[in-house]
Amino acid sequence: MAPPKETATISHEQPASGVWVTAPYPVVVADRCGTVVETNAAASSLMDAVVPGSGMAETAPAWLARAHADFAAAGAVPGGKGGEGAAASVRGHIGDQSFEAHPSWGIHGHVVWWLVDDTDQRLAEAALTTERERATFLAEASNVLMASLNSERCMLATARLAAQYLADAAVVVTPASGRAMPVAHAVAGQEATRVLVADDPSLVPGLSEALQGFPPVPSRWIDPAALPAWMLPEDFTGTIGSVAVTPLPGHGVPAGALILLRSNGRAEFSESEELFARQFAARAGAALSAARLYAEQSDITQTLMRDLLPPRLHRVHGVEFAGGYQPAGARERVGGDFYDVHPGGTDAEPSLVVLGDVCGKGLDAAVLTGKIRNTLQALTPMADDHVKMLQLLNGALLNSHHTRFATLVLASVMRTENQVRLRLTSAGHPAPLVVRNDGSVEEVITHGTLVGALPRIEAGTVEVHLQPGETCLLYTDGVTEARGGPMGDELFGEARLARALSGCAGMPGEAVVERIQMLASQWLRDGRHDDMALVAITAPRTTHLSAVNGHTRGRYTA
């Protein structure tokens with residue numbers, strides 16, 4: 001009688017034959033059929049149902065049972081080379097813990113599974129991935145937010161980014177402008193919108209405090225059901241399940257508040273998510289604050305610029321006035337050159353024309369031009385005495401903190417029948433030029449000392465008459481000292497200016513100014529230059545006068 005065949009199953013009483021019994025990791029030994037052969041104490045503590053004699057498919061975690069079946073059937077983990085000693089690992093969860101299972105071949109063709117707890121490693125990897133994603137988002141968000149200094153666009157971008165990455169919907173509220181608060185709404189995947197809301201921010205828990213820059217309240221303290229209707233974006237169709245309110249810190253003053261809305265059914269905002277929202281809010285607040293400061297500075301600049309920019313000239317009391325100004329820098333709008341026309345109170349009173357050049361360029365020079373223009377405007381009641389005006393202006397400049405000086409030319413202009421009578425006084429300024437109807441150019445010889453440098457000044461006044469069609473040109477040295485030409489280093493010069501003006505005989509004042517500006521610009525090409533200012537005073541070709549809107553205007557004859 002033949003002896004019975006040996007079975008592959010090891011009895012419960014058989015002593016363990018491997019070193020895994022004392023291993024610190026859970027170890028499970030199973031045969032090719034999936035029957036558990038042995039376990040060590042760590043494995044028994046982890047999986048109390050996995051005992052010798054039980055089936056892997058019934059007692060082991062599903063991922064481990066599948067991996068064992070594949071390994072036993074193929075002789076290796078699918079994708080491996082197979083054969084003795086071939087091994088690959090699989091990962092899965094047992095309860096709240098994560099394990100990496102490594103198979104190896106044991107005696108009698110059994111498979112030994114070594115389970116290594118990698119929960120901490122997986123958590124660290126997940127945290128690292130999250131931080132990388134957040135860092136990438138913050139970098140992209142900063143680029144988007146700082147791309148524009150328009151406060152409205154910045155609000156919309158903040159709401160859109162927050163809805164896309166931090167929540168299902170987002171609301172940005174900035175401090176009230178008057179009685180209404182600017183509010184931007186955004187839903188994930190949709191464009192943001194902006195409205196004005198006249199409501200009490202204290203109705204939303206934490207919003208009033210956030211608008212004042214106080215730390216945020218925990219999201220668990222906010223009841224989503226208590227949110228006012230204006231808080232919900234129109235395109236948001238779900239039910240709010242969680243709300244987080246975060247201040248938007250600005251430069252010295254709060255820039256607003258960010259409200260994050262999450263749909264019902266999703267997890268509430270975690271402490272880590274609220275902290276990340278604050279990091280985003282810090283960048284958004286800085287961008288909003290920069291946009292607001294830029295808007296304020298722009299408004300201030302525009303207000304001040306209106307008084308610093310030379311005025312647009314027109315016909316006054318039957319005399320044509322035209323002006324042109326080109327600052328030294330392409331990016332500058334104001335500089336050290338200026339001109340003004342102060343109309344006389346009636347046709348019988350002369351108008352005062354002022355053209356000047358302050359030492360220097362740019363904004364510093366423009367500030368002094370503003371002071372000179374305001375001072376001369378206050379002195380217009382004594383416009384009949386040019387020398388007295390210049391003396392008073394000189395005293396005002398010497399008593400100020402400015403160390404710059406200026407050159408000026410004053411012209412009192414009055415229409416007498418068809419002629420225009422001019423009284424010209426120079427204070428260290430280039431001499432005015434007069435172009436007659438026959439094309440001849442005359443230099444008006446008037447000399448004087450510049451203002452703002454010496455305690456005493458001297459000046460002389462010269463009278464000139466213009467026939468109809470003739471023009472007197474006042475200009476600053478930026479025109480004659482324009483350096484350019486074929487070699488790029490030659491001055492435009494007084495002779496070239498006189499020849500150019502000769503070709504303007506009989507032209508209207510605006511045409512004269514445009515012609516001289518064009519020739520000077522062509523001479524310069526792209527070279528650097530000083531500020532350039534021009535004023536043309538022209539006796540129009542008229543025979544009759546008519547009063548229009550309080551000013552006497554000429555009618556051209558046929």
# chains A, B, ... in the order shown; residues from 1 in each chain; ligands from 1
>>> residues_around(residues="segment 456-471 of chain A", least_positions_apart="2", cutoff="9 Å", atoms="only C-alpha atoms", output="PyMOL selection string")
chain A and resi 386-387+390-391+394-395+418-428+433-437+444-451+453-454+473+505-509+512+536-542
>>> residues_around(residues="Leu313 of chain A", least_positions_apart="2", cutoff="8 Å", atoms="only C-alpha atoms", output="compact mmCIF listing (two decimals) with N, CA and C atoms, in the first residue's frame")
# COMPACT_ATOMS: atom_id res chain seq x y z
N PRO A 311 -1.72 125.98 -21.01
CA PRO A 311 -3.11 126.01 -21.47
C PRO A 311 -3.20 125.96 -23.00
N ARG A 315 -8.12 132.76 -29.73
CA ARG A 315 -8.19 134.18 -30.03
C ARG A 315 -8.83 134.92 -28.85
N PHE A 321 -3.76 133.87 -30.60
CA PHE A 321 -2.69 133.31 -29.76
C PHE A 321 -2.61 131.80 -30.03
N ALA A 322 -1.41 131.30 -30.21
CA ALA A 322 -1.19 129.86 -30.40
C ALA A 322 0.04 129.46 -29.60
N GLY A 323 -0.02 128.31 -29.01
CA GLY A 323 1.10 127.84 -28.18
C GLY A 323 1.44 126.40 -28.47
N VAL A 341 -1.55 133.06 -21.04
CA VAL A 341 -2.17 134.27 -21.57
C VAL A 341 -3.25 134.70 -20.59
>>> select_by_dssp(residues="segment 297-448 of chain A", states="helix (DSSP H, G or I)", output="PyMOL selection string")
chain A and resi 297-308+362-378+380-382+386-398
>>> atom_distance(atom1="atom CA of Pro215 of chain A", atom2="atom CA of Tyr294 of chain A")
26.1 Å
>>> residues_around(residues="Val187 of chain A", least_positions_apart="6", cutoff="12 Å", atoms="only C-alpha atoms", output="MDAnalysis selection string")
chainID A and resid 156:172 193 232:238 260:263
>>> write_last_selection(atoms="N, CA, C and O atoms", output="tab-separated table (two decimals), in the first residue's frame")
chain	number	residue	atom	x	y	z
A	156	LEU	N	-11.74	91.65	-9.30
A	156	LEU	CA	-12.30	90.55	-10.06
A	156	LEU	C	-11.33	89.38	-10.13
A	156	LEU	O	-11.73	88.21	-10.02
A	157	ALA	N	-10.04	89.67	-10.32
A	157	ALA	CA	-9.05	88.60	-10.38
A	157	ALA	C	-8.93	87.89	-9.04
A	157	ALA	O	-8.79	86.66	-9.00
A	158	THR	N	-9.00	88.63	-7.94
A	158	THR	CA	-8.94	88.00	-6.61
A	158	THR	C	-10.11	87.05	-6.41
A	158	THR	O	-9.92	85.91	-5.94
A	159	ALA	N	-11.32	87.48	-6.75
A	159	ALA	CA	-12.50	86.63	-6.58
A	159	ALA	C	-12.41	85.40	-7.48
A	159	ALA	O	-12.72	84.27	-7.05
A	160	ARG	N	-11.97	85.59	-8.72
A	160	ARG	CA	-11.90	84.46	-9.66
A	160	ARG	C	-10.87	83.43	-9.22
A	160	ARG	O	-11.13	82.21	-9.25
A	161	LEU	N	-9.70	83.86	-8.80
A	161	LEU	CA	-8.66	82.93	-8.35
A	161	LEU	C	-9.09	82.19	-7.09
A	161	LEU	O	-8.86	80.98	-6.96
A	162	ALA	N	-9.71	82.90	-6.15
A	162	ALA	CA	-10.15	82.26	-4.91
A	162	ALA	C	-11.22	81.22	-5.17
A	162	ALA	O	-11.21	80.13	-4.58
A	163	ALA	N	-12.16	81.51	-6.07
A	163	ALA	CA	-13.22	80.54	-6.38
A	163	ALA	C	-12.66	79.33	-7.11
A	163	ALA	O	-13.14	78.21	-6.94
A	164	GLN	N	-11.63	79.54	-7.91
A	164	GLN	CA	-11.08	78.45	-8.70
A	164	GLN	C	-10.23	77.50	-7.89
A	164	GLN	O	-10.26	76.29	-8.11
A	165	TYR	N	-9.50	78.01	-6.90
A	165	TYR	CA	-8.52	77.18	-6.19
A	165	TYR	C	-8.83	76.95	-4.72
A	165	TYR	O	-8.35	75.98	-4.14
A	166	LEU	N	-9.60	77.83	-4.10
A	166	LEU	CA	-9.78	77.74	-2.66
A	166	LEU	C	-11.17	77.31	-2.23
A	166	LEU	O	-11.34	76.85	-1.10
A	167	ALA	N	-12.16	77.50	-3.06
A	167	ALA	CA	-13.54	77.21	-2.65
A	167	ALA	C	-14.40	77.00	-3.89
A	167	ALA	O	-13.89	76.95	-5.01
A	168	ASP	N	-15.70	76.84	-3.67
A	168	ASP	CA	-16.64	76.71	-4.80
A	168	ASP	C	-17.09	78.08	-5.29
A	168	ASP	O	-17.48	78.24	-6.45
A	169	ALA	N	-17.07	79.06	-4.44
A	169	ALA	CA	-17.42	80.44	-4.79
A	169	ALA	C	-16.68	81.36	-3.86
A	169	ALA	O	-16.26	80.97	-2.76
A	170	ALA	N	-16.50	82.61	-4.30
A	170	ALA	CA	-15.76	83.57	-3.49
A	170	ALA	C	-16.37	84.95	-3.66
A	170	ALA	O	-16.93	85.28	-4.71
A	171	VAL	N	-16.23	85.75	-2.61
A	171	VAL	CA	-16.74	87.13	-2.60
A	171	VAL	C	-15.63	88.02	-2.05
A	171	VAL	O	-15.02	87.70	-1.04
A	172	VAL	N	-15.37	89.12	-2.75
A	172	VAL	CA	-14.39	90.10	-2.32
A	172	VAL	C	-15.13	91.40	-1.99
A	172	VAL	O	-15.88	91.91	-2.82
A	193	THR	N	-17.97	88.98	-11.37
A	193	THR	CA	-18.78	90.18	-11.59
A	193	THR	C	-18.61	91.13	-10.40
A	193	THR	O	-18.26	90.70	-9.31
A	232	LEU	N	-24.43	85.77	-1.86
A	232	LEU	CA	-24.40	84.61	-2.75
A	232	LEU	C	-24.31	85.06	-4.19
A	232	LEU	O	-25.11	85.88	-4.65
A	233	PRO	N	-23.35	84.53	-4.97
A	233	PRO	CA	-23.30	84.86	-6.40
A	233	PRO	C	-24.55	84.37	-7.12
A	233	PRO	O	-25.15	83.35	-6.75
A	234	GLU	N	-24.96	85.09	-8.14
A	234	GLU	CA	-26.19	84.75	-8.86
A	234	GLU	C	-26.10	83.37	-9.51
A	234	GLU	O	-27.09	82.66	-9.60
A	235	ASP	N	-24.91	82.99	-9.99
A	235	ASP	CA	-24.76	81.72	-10.70
A	235	ASP	C	-24.50	80.54	-9.77
A	235	ASP	O	-24.30	79.42	-10.25
A	236	PHE	N	-24.50	80.77	-8.48
A	236	PHE	CA	-24.25	79.68	-7.55
A	236	PHE	C	-25.58	78.99	-7.24
A	236	PHE	O	-26.51	79.59	-6.70
A	237	THR	N	-25.68	77.69	-7.59
A	237	THR	CA	-26.95	76.97	-7.46
A	237	THR	C	-27.01	76.04	-6.25
A	237	THR	O	-28.08	75.54	-5.93
A	238	GLY	N	-25.90	75.77	-5.61
A	238	GLY	CA	-25.90	74.82	-4.50
A	238	GLY	C	-26.29	75.47	-3.19
A	238	GLY	O	-26.73	76.63	-3.12
A	260	LEU	N	-14.91	83.01	1.49
A	260	LEU	CA	-14.89	81.75	0.74
A	260	LEU	C	-16.13	80.95	1.07
A	260	LEU	O	-16.49	80.78	2.24
A	261	LEU	N	-16.79	80.44	0.04
A	261	LEU	CA	-18.03	79.67	0.19
A	261	LEU	C	-17.81	78.27	-0.34
A	261	LEU	O	-17.32	78.09	-1.47
A	262	ARG	N	-18.17	77.27	0.45
A	262	ARG	CA	-18.03	75.87	0.04
A	262	ARG	C	-19.40	75.20	0.09
A	262	ARG	O	-20.17	75.41	1.03
A	263	SER	N	-19.69	74.39	-0.92
A	263	SER	CA	-21.00	73.75	-1.04
A	263	SER	C	-21.25	72.77	0.09
A	263	SER	O	-20.32	72.21	0.68
>>> atom_distance(atom1="atom CA of Pro249 of chain A", atom2="atom CA of Ala281 of chain A")
7.3 Å
>>> atom_distance(atom1="atom CA of Glu125 of chain A", atom2="atom CA of His68 of chain A")
26.4 Å
>>> residues_around(residues="Pro247 of chain A", least_positions_apart="6", cutoff="7 Å", atoms="only C-alpha atoms", output="PyMOL selection string")
chain A and resi 210-211+213+215-216+256-258+281
>>> residues_around(residues="Ser351 of chain A", least_positions_apart="4", cutoff="9 Å", atoms="only C-alpha atoms", output="PyMOL selection string")
chain A and resi 316-317+341-345+347+383+411-414
>>> closest_residue(among="A:Ala533, A:Ala65, A:Met518, A:Leu196", to="Val334 of chain A", atoms="only C-alpha atoms")
A:Ala533
>>> select_by_dssp(residues="segment 373-443 of chain A", states="strand (DSSP E)", output="list in words")
Ala406, Thr407, Leu408, Val409, Leu410, Ala411, Ser412, Val413, Met414, Arg415, Thr416, Gln419, Val420, Arg421, Leu422, Arg423, Leu424, Thr425, Ser426, Ala427, Leu433, Val434, Val435, Val441, Glu442 and Glu443 of chain A
>>> write_last_selection(atoms="N, CA and C atoms", output="mmCIF file, in the first residue's frame")
data_model
loop_
_atom_site.group_PDB
_atom_site.id
_atom_site.type_symbol
_atom_site.label_atom_id
_atom_site.label_comp_id
_atom_site.auth_asym_id
_atom_site.auth_seq_id
_atom_site.Cartn_x
_atom_site.Cartn_y
_atom_site.Cartn_z
ATOM 1 N N ALA A 406 15.015 131.548 -13.246
ATOM 2 C CA ALA A 406 14.192 131.450 -14.439
ATOM 3 C C ALA A 406 14.431 132.646 -15.341
ATOM 4 N N THR A 407 14.188 132.452 -16.632
ATOM 5 C CA THR A 407 14.179 133.552 -17.591
ATOM 6 C C THR A 407 12.756 133.737 -18.080
ATOM 7 N N LEU A 408 12.397 134.981 -18.423
ATOM 8 C CA LEU A 408 11.020 135.286 -18.794
ATOM 9 C C LEU A 408 10.988 136.302 -19.922
ATOM 10 N N VAL A 409 9.886 136.302 -20.637
ATOM 11 C CA VAL A 409 9.556 137.391 -21.544
ATOM 12 C C VAL A 409 8.080 137.707 -21.335
ATOM 13 N N LEU A 410 7.774 138.985 -21.123
ATOM 14 C CA LEU A 410 6.402 139.448 -20.929
ATOM 15 C C LEU A 410 5.971 140.238 -22.155
ATOM 16 N N ALA A 411 4.718 140.065 -22.533
ATOM 17 C CA ALA A 411 4.176 140.807 -23.671
ATOM 18 C C ALA A 411 2.775 141.294 -23.320
ATOM 19 N N SER A 412 2.601 142.641 -23.340
ATOM 20 C CA SER A 412 1.256 143.215 -23.212
ATOM 21 C C SER A 412 0.717 143.421 -24.622
ATOM 22 N N VAL A 413 -0.445 142.825 -24.916
ATOM 23 C CA VAL A 413 -0.975 142.768 -26.280
ATOM 24 C C VAL A 413 -2.338 143.437 -26.308
ATOM 25 N N MET A 414 -2.510 144.370 -27.293
ATOM 26 C CA MET A 414 -3.811 145.027 -27.425
ATOM 27 C C MET A 414 -4.090 145.304 -28.893
ATOM 28 N N ARG A 415 -5.310 145.035 -29.286
ATOM 29 C CA ARG A 415 -5.735 145.294 -30.670
ATOM 30 C C ARG A 415 -6.165 146.750 -30.796
ATOM 31 N N THR A 416 -5.583 147.454 -31.773
ATOM 32 C CA THR A 416 -5.992 148.837 -32.080
ATOM 33 C C THR A 416 -6.324 148.887 -33.564
ATOM 34 N N GLN A 419 -4.348 146.858 -36.376
ATOM 35 C CA GLN A 419 -3.009 146.555 -35.886
ATOM 36 C C GLN A 419 -3.064 145.916 -34.491
ATOM 37 N N VAL A 420 -1.953 145.296 -34.133
ATOM 38 C CA VAL A 420 -1.772 144.759 -32.780
ATOM 39 C C VAL A 420 -0.542 145.423 -32.186
ATOM 40 N N ARG A 421 -0.713 146.064 -31.042
ATOM 41 C CA ARG A 421 0.390 146.738 -30.370
ATOM 42 C C ARG A 421 0.943 145.824 -29.272
ATOM 43 N N LEU A 422 2.252 145.655 -29.276
ATOM 44 C CA LEU A 422 2.941 144.802 -28.304
ATOM 45 C C LEU A 422 3.916 145.625 -27.483
ATOM 46 N N ARG A 423 3.941 145.380 -26.202
ATOM 47 C CA ARG A 423 4.981 145.898 -25.313
ATOM 48 C C ARG A 423 5.719 144.687 -24.742
ATOM 49 N N LEU A 424 6.998 144.538 -25.117
ATOM 50 C CA LEU A 424 7.773 143.340 -24.810
ATOM 51 C C LEU A 424 8.883 143.664 -23.820
ATOM 52 N N THR A 425 9.019 142.810 -22.808
ATOM 53 C CA THR A 425 10.072 142.963 -21.799
ATOM 54 C C THR A 425 10.712 141.601 -21.570
ATOM 55 N N SER A 426 12.023 141.534 -21.655
ATOM 56 C CA SER A 426 12.757 140.277 -21.458
ATOM 57 C C SER A 426 13.494 140.306 -20.141
ATOM 58 N N ALA A 427 13.512 139.159 -19.458
ATOM 59 C CA ALA A 427 14.288 138.983 -18.226
ATOM 60 C C ALA A 427 15.251 137.824 -18.442
ATOM 61 N N LEU A 433 11.014 137.201 -31.871
ATOM 62 C CA LEU A 433 11.197 137.401 -33.312
ATOM 63 C C LEU A 433 9.867 137.800 -33.933
ATOM 64 N N VAL A 434 9.920 138.729 -34.913
ATOM 65 C CA VAL A 434 8.716 139.176 -35.624
ATOM 66 C C VAL A 434 8.903 138.871 -37.099
ATOM 67 N N VAL A 435 7.952 138.156 -37.691
ATOM 68 C CA VAL A 435 7.977 137.878 -39.121
ATOM 69 C C VAL A 435 6.960 138.786 -39.799
ATOM 70 N N VAL A 441 12.441 138.878 -41.100
ATOM 71 C CA VAL A 441 12.354 138.517 -39.680
ATOM 72 C C VAL A 441 13.161 139.537 -38.888
ATOM 73 N N GLU A 442 12.528 140.112 -37.886
ATOM 74 C CA GLU A 442 13.175 141.109 -37.043
ATOM 75 C C GLU A 442 13.326 140.561 -35.618
ATOM 76 N N GLU A 443 14.472 140.855 -35.037
ATOM 77 C CA GLU A 443 14.700 140.503 -33.635
ATOM 78 C C GLU A 443 14.365 141.705 -32.765
#
>>> residues_around(residues="Thr22 of chain A", least_positions_apart="6", cutoff="9 Å", atoms="only C-alpha atoms", output="list in words")
Asn40, Ala41 and Ala42 of chain A
>>> write_last_selection(atoms="all heavy atoms", output="PDB file, in the first residue's frame")
ATOM      1  N   ASN A  40       3.355  36.134  11.914  1.00  0.00           N
ATOM      2  CA  ASN A  40       4.074  36.457  13.150  1.00  0.00           C
ATOM      3  C   ASN A  40       3.167  37.273  14.065  1.00  0.00           C
ATOM      4  O   ASN A  40       2.017  37.585  13.726  1.00  0.00           O
ATOM      5  CB  ASN A  40       5.398  37.173  12.858  1.00  0.00           C
ATOM      6  CG  ASN A  40       5.193  38.556  12.247  1.00  0.00           C
ATOM      7  OD1 ASN A  40       4.068  38.947  11.958  1.00  0.00           O
ATOM      8  ND2 ASN A  40       6.281  39.271  12.049  1.00  0.00           N
ATOM      9  N   ALA A  41       3.687  37.613  15.228  1.00  0.00           N
ATOM     10  CA  ALA A  41       2.864  38.295  16.226  1.00  0.00           C
ATOM     11  C   ALA A  41       2.394  39.655  15.732  1.00  0.00           C
ATOM     12  O   ALA A  41       1.265  40.078  15.987  1.00  0.00           O
ATOM     13  CB  ALA A  41       3.660  38.450  17.526  1.00  0.00           C
ATOM     14  N   ALA A  42       3.247  40.381  14.986  1.00  0.00           N
ATOM     15  CA  ALA A  42       2.870  41.707  14.494  1.00  0.00           C
ATOM     16  C   ALA A  42       1.707  41.606  13.511  1.00  0.00           C
ATOM     17  O   ALA A  42       0.786  42.439  13.520  1.00  0.00           O
ATOM     18  CB  ALA A  42       4.071  42.393  13.839  1.00  0.00           C
TER      19      ALA A  42
END
>>> residues_around(residues="segment 43-53 of chain A", least_positions_apart="5", cutoff="9 Å", atoms="only C-alpha atoms", output="PyMOL selection string")
chain A and resi 9-12+25-30+35-38+58-61+94+115
>>> decode(residues="segment 432-455 of chain A", atoms="N, CA and C atoms", output="PDB file, in the first residue's frame")
ATOM      1  N   PRO A 432      12.460 138.001 -28.638  1.00  0.00           N
ATOM      2  CA  PRO A 432      11.341 137.623 -29.507  1.00  0.00           C
ATOM      3  C   PRO A 432      11.670 137.944 -30.969  1.00  0.00           C
ATOM      4  N   LEU A 433      11.014 137.201 -31.871  1.00  0.00           N
ATOM      5  CA  LEU A 433      11.197 137.401 -33.312  1.00  0.00           C
ATOM      6  C   LEU A 433       9.867 137.800 -33.933  1.00  0.00           C
ATOM      7  N   VAL A 434       9.920 138.729 -34.913  1.00  0.00           N
ATOM      8  CA  VAL A 434       8.716 139.176 -35.624  1.00  0.00           C
ATOM      9  C   VAL A 434       8.903 138.871 -37.099  1.00  0.00           C
ATOM     10  N   VAL A 435       7.952 138.156 -37.691  1.00  0.00           N
ATOM     11  CA  VAL A 435       7.977 137.878 -39.121  1.00  0.00           C
ATOM     12  C   VAL A 435       6.960 138.786 -39.799  1.00  0.00           C
ATOM     13  N   ARG A 436       7.467 139.577 -40.746  1.00  0.00           N
ATOM     14  CA  ARG A 436       6.626 140.521 -41.464  1.00  0.00           C
ATOM     15  C   ARG A 436       5.993 139.838 -42.668  1.00  0.00           C
ATOM     16  N   ASN A 437       5.059 140.553 -43.302  1.00  0.00           N
ATOM     17  CA  ASN A 437       4.338 139.976 -44.435  1.00  0.00           C
ATOM     18  C   ASN A 437       5.243 139.697 -45.625  1.00  0.00           C
ATOM     19  N   ASP A 438       6.353 140.435 -45.746  1.00  0.00           N
ATOM     20  CA  ASP A 438       7.264 140.205 -46.867  1.00  0.00           C
ATOM     21  C   ASP A 438       8.270 139.095 -46.582  1.00  0.00           C
ATOM     22  N   GLY A 439       8.149 138.411 -45.415  1.00  0.00           N
ATOM     23  CA  GLY A 439       9.050 137.321 -45.080  1.00  0.00           C
ATOM     24  C   GLY A 439      10.267 137.732 -44.298  1.00  0.00           C
ATOM     25  N   SER A 440      10.460 139.034 -44.090  1.00  0.00           N
ATOM     26  CA  SER A 440      11.596 139.471 -43.295  1.00  0.00           C
ATOM     27  C   SER A 440      11.353 139.163 -41.817  1.00  0.00           C
ATOM     28  N   VAL A 441      12.441 138.878 -41.100  1.00  0.00           N
ATOM     29  CA  VAL A 441      12.354 138.517 -39.680  1.00  0.00           C
ATOM     30  C   VAL A 441      13.161 139.537 -38.888  1.00  0.00           C
ATOM     31  N   GLU A 442      12.528 140.112 -37.886  1.00  0.00           N
ATOM     32  CA  GLU A 442      13.175 141.109 -37.043  1.00  0.00           C
ATOM     33  C   GLU A 442      13.326 140.561 -35.618  1.00  0.00           C
ATOM     34  N   GLU A 443      14.472 140.855 -35.037  1.00  0.00           N
ATOM     35  CA  GLU A 443      14.700 140.503 -33.635  1.00  0.00           C
ATOM     36  C   GLU A 443      14.365 141.705 -32.765  1.00  0.00           C
ATOM     37  N   VAL A 444      13.504 141.508 -31.784  1.00  0.00           N
ATOM     38  CA  VAL A 444      13.108 142.588 -30.880  1.00  0.00           C
ATOM     39  C   VAL A 444      14.183 142.705 -29.806  1.00  0.00           C
ATOM     40  N   ILE A 445      14.905 143.818 -29.826  1.00  0.00           N
ATOM     41  CA  ILE A 445      16.033 143.992 -28.913  1.00  0.00           C
ATOM     42  C   ILE A 445      15.517 144.455 -27.563  1.00  0.00           C
ATOM     43  N   THR A 446      15.346 143.530 -26.677  1.00  0.00           N
ATOM     44  CA  THR A 446      14.979 143.834 -25.294  1.00  0.00           C
ATOM     45  C   THR A 446      15.807 142.952 -24.376  1.00  0.00           C
ATOM     46  N   HIS A 447      16.476 143.583 -23.428  1.00  0.00           N
ATOM     47  CA  HIS A 447      17.388 142.846 -22.553  1.00  0.00           C
ATOM     48  C   HIS A 447      16.962 143.023 -21.102  1.00  0.00           C
ATOM     49  N   GLY A 448      17.376 142.075 -20.263  1.00  0.00           N
ATOM     50  CA  GLY A 448      17.110 142.156 -18.834  1.00  0.00           C
ATOM     51  C   GLY A 448      17.809 141.020 -18.114  1.00  0.00           C
ATOM     52  N   THR A 449      17.834 141.090 -16.796  1.00  0.00           N
ATOM     53  CA  THR A 449      18.477 140.045 -15.999  1.00  0.00           C
ATOM     54  C   THR A 449      17.457 138.987 -15.602  1.00  0.00           C
ATOM     55  N   LEU A 450      17.938 137.754 -15.439  1.00  0.00           N
ATOM     56  CA  LEU A 450      17.054 136.646 -15.064  1.00  0.00           C
ATOM     57  C   LEU A 450      16.532 136.848 -13.641  1.00  0.00           C
ATOM     58  N   VAL A 451      15.464 136.137 -13.286  1.00  0.00           N
ATOM     59  CA  VAL A 451      14.827 136.296 -11.979  1.00  0.00           C
ATOM     60  C   VAL A 451      15.162 135.099 -11.099  1.00  0.00           C
ATOM     61  N   GLY A 452      15.215 135.369  -9.777  1.00  0.00           N
ATOM     62  CA  GLY A 452      15.456 134.307  -8.812  1.00  0.00           C
ATOM     63  C   GLY A 452      16.906 134.068  -8.501  1.00  0.00           C
ATOM     64  N   ALA A 453      17.819 134.919  -9.015  1.00  0.00           N
ATOM     65  CA  ALA A 453      19.245 134.709  -8.773  1.00  0.00           C
ATOM     66  C   ALA A 453      19.886 135.887  -8.075  1.00  0.00           C
ATOM     67  N   LEU A 454      19.557 137.115  -8.476  1.00  0.00           N
ATOM     68  CA  LEU A 454      20.175 138.321  -7.931  1.00  0.00           C
ATOM     69  C   LEU A 454      19.158 139.138  -7.162  1.00  0.00           C
ATOM     70  N   PRO A 455      19.595 139.870  -6.138  1.00  0.00           N
ATOM     71  CA  PRO A 455      18.633 140.654  -5.351  1.00  0.00           C
ATOM     72  C   PRO A 455      18.027 141.814  -6.143  1.00  0.00           C
TER      73      PRO A 455
END
